[in-house]
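J.: Following this message is one structure expressed as structure tokens.
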Amino acid sequence: MYTPKKPNFIIATIPLLSLIFMAFMSTVYWGIGMLVPIIVGIAVAAIIGKVLSYTWHDLEQSLADGVSKALPAVFILILIGMIIGTWISGGIIPTLIYYGLSIINPNLFLPLVCLITAFVSLILGSSFTSIATIGLAFMAIGEGMNMPLPIVAGAVISGAFFGDKLSPLSDTTNVAPAMVGESLFDHIRHMLWDTVPALLISAVLYWVIGLNIVGGASQGIDHDPSAILSGLQEQFTIHPLLLIVVVLALVLIAMRVPAVPALLLIALMGAIAAVTVQGRTMGETLQAATAGYVSGSGHEAIDSLLSNGGITSMLETVGLVIVATALGGILDRTGIFSALIDPLIRRIKRTGSLVASTILATFLVGFSSGAQFLAIILPARGFVGSYRRMGLSPLNLSRAVEAAGTVGINLVPWGVPAVFAAGVFGLAPTEFIPWILFAFIVPLLNIIYGYTGFSIKRLDPTEHAQENAESKLAE
């Protein structure tokens, strides 16, 4: 029997550097996706674990523990694939596209995309569902207006992760305060300081970008999308009553129906619309839910967006979620994450440095694993003692880990959110990441707040004194 050793900082960087190197080669040269690079990261971490005297049983169990955290997300991804397929087959997304092309002013298109998606995501509490439904419709509308699709995708994702960060129905919004021992609604109120200003700043910037696009002669905006509208009418029955399905979906979520049954009902409503309104057979509808809908409008870009959905379209993302959380499990069990974060914690003496280090550590986990939950959970656990010892409320910590772990992880090309959006939109993550303005602004605001002290919440003096006494007793 051997007692496992703790890795030092140099050893702990080896799996991270291996992953980043393989991810870079995959993204820039090989184009093989992120599954193999993450598996290489797991293999390197396992070798280090054996060197540190962990048994294979320990390492295998750490992989299983990591994957177990991903199972709820796996079921949700499968249901989202069904929703995309049935909502396209049922004419719901095409109806949103049709009326959007008819009424939206190109000058206001990008800020409206950001704000409307933010509203829908706030109600749904799910960035993935918002991206796959209203977001996909906005992408098709943007294509009809000759808008650059990577910019449209950036606006959609910015809005979608506003709700993912702020909605009480969001899983990450519930996980972050739980990890630091604070209440959900105190956490949400504290996040208003960074989330709302970041959304408004993003919307203004998208408005400026949109004006430049529409006003640029080189862009040649086509104000007559009649070919797309006629193609949609030939392929689908377009009717405003189909929008009732969207309203009912929002009502289900607003009633706090649990995620899995709610999403299943939303997919079922799309299937009912496909059979009753579009006149599709049960076999065709189930085919759309399983393998996706195949569009034949005659407009190449619209067909590429609407030929989408189905359970099978989510399998690559499901695989990525599984291997990413497995990697996180083994890195956590072997103490590699702690070895990377501890040197940061020991150097901290100021509030600004503490917040900046939290953001940095969260990004470090995000770039290592690509998984939202790990990027929130591990830094939250690692830094909570430091916040309390400095007299700072853990709400500052939960806000910071959400800033980088929930939102900022969109800047990781191999991260689960970026890979998911790439699959839905048919774009490479590196194309739209520079345009996810919200993901840049939210972490930056937190760092600014840390160094200026603005909106930083401090512990009650009595609570701080008790915390220090407990810390000294523990020493």
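By order in the structure tokens, chains are A, B, ...; within a chain, residues start at 1; ligands start at 1, following the order shown.
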Determine, using only C-alpha atoms, which residues of stretch 8-92 of chain A have any atom at most 7 Å from an atom of stretch 310-326 of chain A, and tabulate each with its shortest atom pair and distance in Å to one decimal place, rows ordered by chain and then rising number, as JSON lines.

T.:
{"residue": "A:Leu35", "atom": "CA", "partner": "A:Leu320", "partner_atom": "CA", "distance": 5.9}
{"residue": "A:Ile38", "atom": "CA", "partner": "A:Ala324", "partner_atom": "CA", "distance": 6.5}
{"residue": "A:Ile39", "atom": "CA", "partner": "A:Val323", "partner_atom": "CA", "distance": 6.8}
{"residue": "A:Leu63", "atom": "CA", "partner": "A:Ala326", "partner_atom": "CA", "distance": 4.4}
{"residue": "A:Ala64", "atom": "CA", "partner": "A:Ala326", "partner_atom": "CA", "distance": 6.7}
{"residue": "A:Gly66", "atom": "CA", "partner": "A:Ala326", "partner_atom": "CA", "distance": 4.6}
{"residue": "A:Val67", "atom": "CA", "partner": "A:Ala326", "partner_atom": "CA", "distance": 5.1}
{"residue": "A:Ala70", "atom": "CA", "partner": "A:Ile322", "partner_atom": "CA", "distance": 6.3}
{"residue": "A:Val74", "atom": "CA", "partner": "A:Val318", "partner_atom": "CA", "distance": 5.7}
{"residue": "A:Leu77", "atom": "CA", "partner": "A:Met314", "partner_atom": "CA", "distance": 6.3}
{"residue": "A:Ile78", "atom": "CA", "partner": "A:Ile311", "partner_atom": "CA", "distance": 5.3}
{"residue": "A:Gly81", "atom": "CA", "partner": "A:Gly310", "partner_atom": "CA", "distance": 4.5}
{"residue": "A:Met82", "atom": "CA", "partner": "A:Gly310", "partner_atom": "CA", "distance": 4.8}
{"residue": "A:Ile84", "atom": "CA", "partner": "A:Gly310", "partner_atom": "CA", "distance": 6.6}
{"residue": "A:Gly85", "atom": "CA", "partner": "A:Gly310", "partner_atom": "CA", "distance": 4.9}

J.: Could you give me the residues within stretch 167-325 of chain A that DSSP places in helix (DSSP H, G or I), as number ranges by chain?

T.: A: 171-180, 184-215, 226-235, 240-254, 259-276, 282-291, 300-306, 311-325

J.: List the spatial neighbours of stretch 7-19 of chain A as a compact mmCIF listing (two decimals) with C-alpha atoms, in the first residue's frame - criterion: any atom at most 10 Å away, only C-alpha atoms, same-chain residues fewer than 5 positions off excluded.

T.:
# COMPACT_ATOMS: atom_id res chain seq x y z
CA PHE A 24 -3.93 23.66 -31.14
CA MET A 25 -2.70 21.07 -33.65
CA MET A 34 -11.40 17.74 -29.65
CA VAL A 36 -8.66 12.81 -29.38
CA PRO A 37 -6.85 15.78 -27.73
CA ILE A 38 -8.91 15.37 -24.56
CA ILE A 39 -8.32 11.61 -24.51
CA VAL A 40 -4.59 12.32 -24.82
CA GLY A 41 -4.97 14.67 -21.83
CA ILE A 42 -6.67 11.84 -19.89
CA ALA A 43 -3.88 9.42 -20.79
CA VAL A 44 -1.16 11.85 -19.70
CA ALA A 45 -3.01 12.57 -16.43
CA ALA A 46 -3.40 8.84 -15.81
CA ILE A 47 0.33 8.27 -16.31
CA ILE A 48 1.09 11.04 -13.84
CA GLY A 49 -1.43 9.51 -11.45
CA VAL A 51 3.72 7.96 -10.97
CA LEU A 52 2.11 9.56 -7.91
CA LEU A 327 -10.65 14.50 -17.70
CA LEU A 331 -7.35 15.98 -12.69
CA THR A 334 -4.95 13.42 -8.53
CA GLY A 335 -4.63 16.93 -7.10
CA ILE A 336 -3.41 18.41 -10.38
CA PHE A 337 -5.95 21.24 -10.30
CA SER A 338 -4.98 22.10 -6.73
CA ALA A 339 -1.30 22.13 -7.65
CA LEU A 340 -2.03 24.61 -10.44
CA ILE A 341 -4.25 26.89 -8.36
CA ASP A 342 -2.43 26.91 -4.99
CA PRO A 343 0.52 29.02 -6.21
CA LEU A 364 -7.41 27.56 -16.68
CA VAL A 365 -9.92 24.86 -15.78
CA PHE A 367 -9.11 25.49 -21.19
CA SER A 368 -8.07 22.23 -19.52
CA SER A 369 -11.43 20.47 -19.63

J.: So which residues touch A:Lys165 within 10 Å, counting only C-alpha atoms, skipping near sequence neighbours fewer than 6 positions away, as a PyMOL selection string?

T.: chain A and resi 121-122+125-127+171-174+176+188+191-192+195+399+402-403+405-407

J.: Between A:Gly210, A:Gly423, A:Gly135, A:Gly292, which one has atoms that come closest to A:Asn107, using only C-alpha atoms?

T.: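 For A:Asn107, the nearest of the given residues is A:Gly210.
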
J.: Closest to A:Ile409 among A:Pro72, A:Gly270, A:Gly154, A:Pro443, using only C-alpha atoms?

T.: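 Result for the nearest residue to A:Ile409: A:Pro443.
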
J.: Got a sec: who's within 7 Å of stretch 353-359 of chain A, counting only C-alpha atoms, leaving out chain neighbours fewer than 6 positions off, as a compact mmCIF listing (two decimals) with C-alpha atoms, in the first residue's frame?

T.:
# COMPACT_ATOMS: atom_id res chain seq x y z
CA LEU A 344 -1.98 31.68 -7.32
CA PRO A 379 -12.22 27.21 -8.50
CA ALA A 400 -16.48 35.61 -10.68
CA VAL A 401 -16.58 31.87 -11.40
CA ALA A 404 -15.45 33.00 -16.55
CA PRO A 443 -14.98 38.75 -17.01
CA ILE A 447 -11.68 42.35 -12.81
CA GLY A 450 -12.15 43.83 -8.05

J.: Would you list the contacts of A:Ile456 as an MDAnalysis selection string, taking every protein, DNA or RNA residue within 10 Å and counting only C-alpha atoms, but skipping same-chain residues closer than 3 positions in sequence?

T.: chainID A and resid 190 193 351:352 355 392:393 395:396 446 449:453

J.: If we count only C-alpha atoms and set the cut-off at 12 Å, which residues sit around stretch 238-242 of chain A, ignoring sequence neighbours fewer than 5 positions away in its own chain? Please answer as a PyMOL selection string.

T.: chain A and resi 87-100+229-233+247-249+269-270+272-274+276-278

J.: I need the residue nearest A:Asp303 from this list: A:Gly426, A:Pro417, A:Gly163, A:Pro168. Use only C-alpha atoms for the distance.

T.: A:Gly426

J.: From the list A:Leu71, A:Ile201, A:Ile345, A:Leu268, which residue is nearest A:Ala155 when using only C-alpha atoms?

T.: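 Smallest distance to A:Ala155 is found for A:Ile201.
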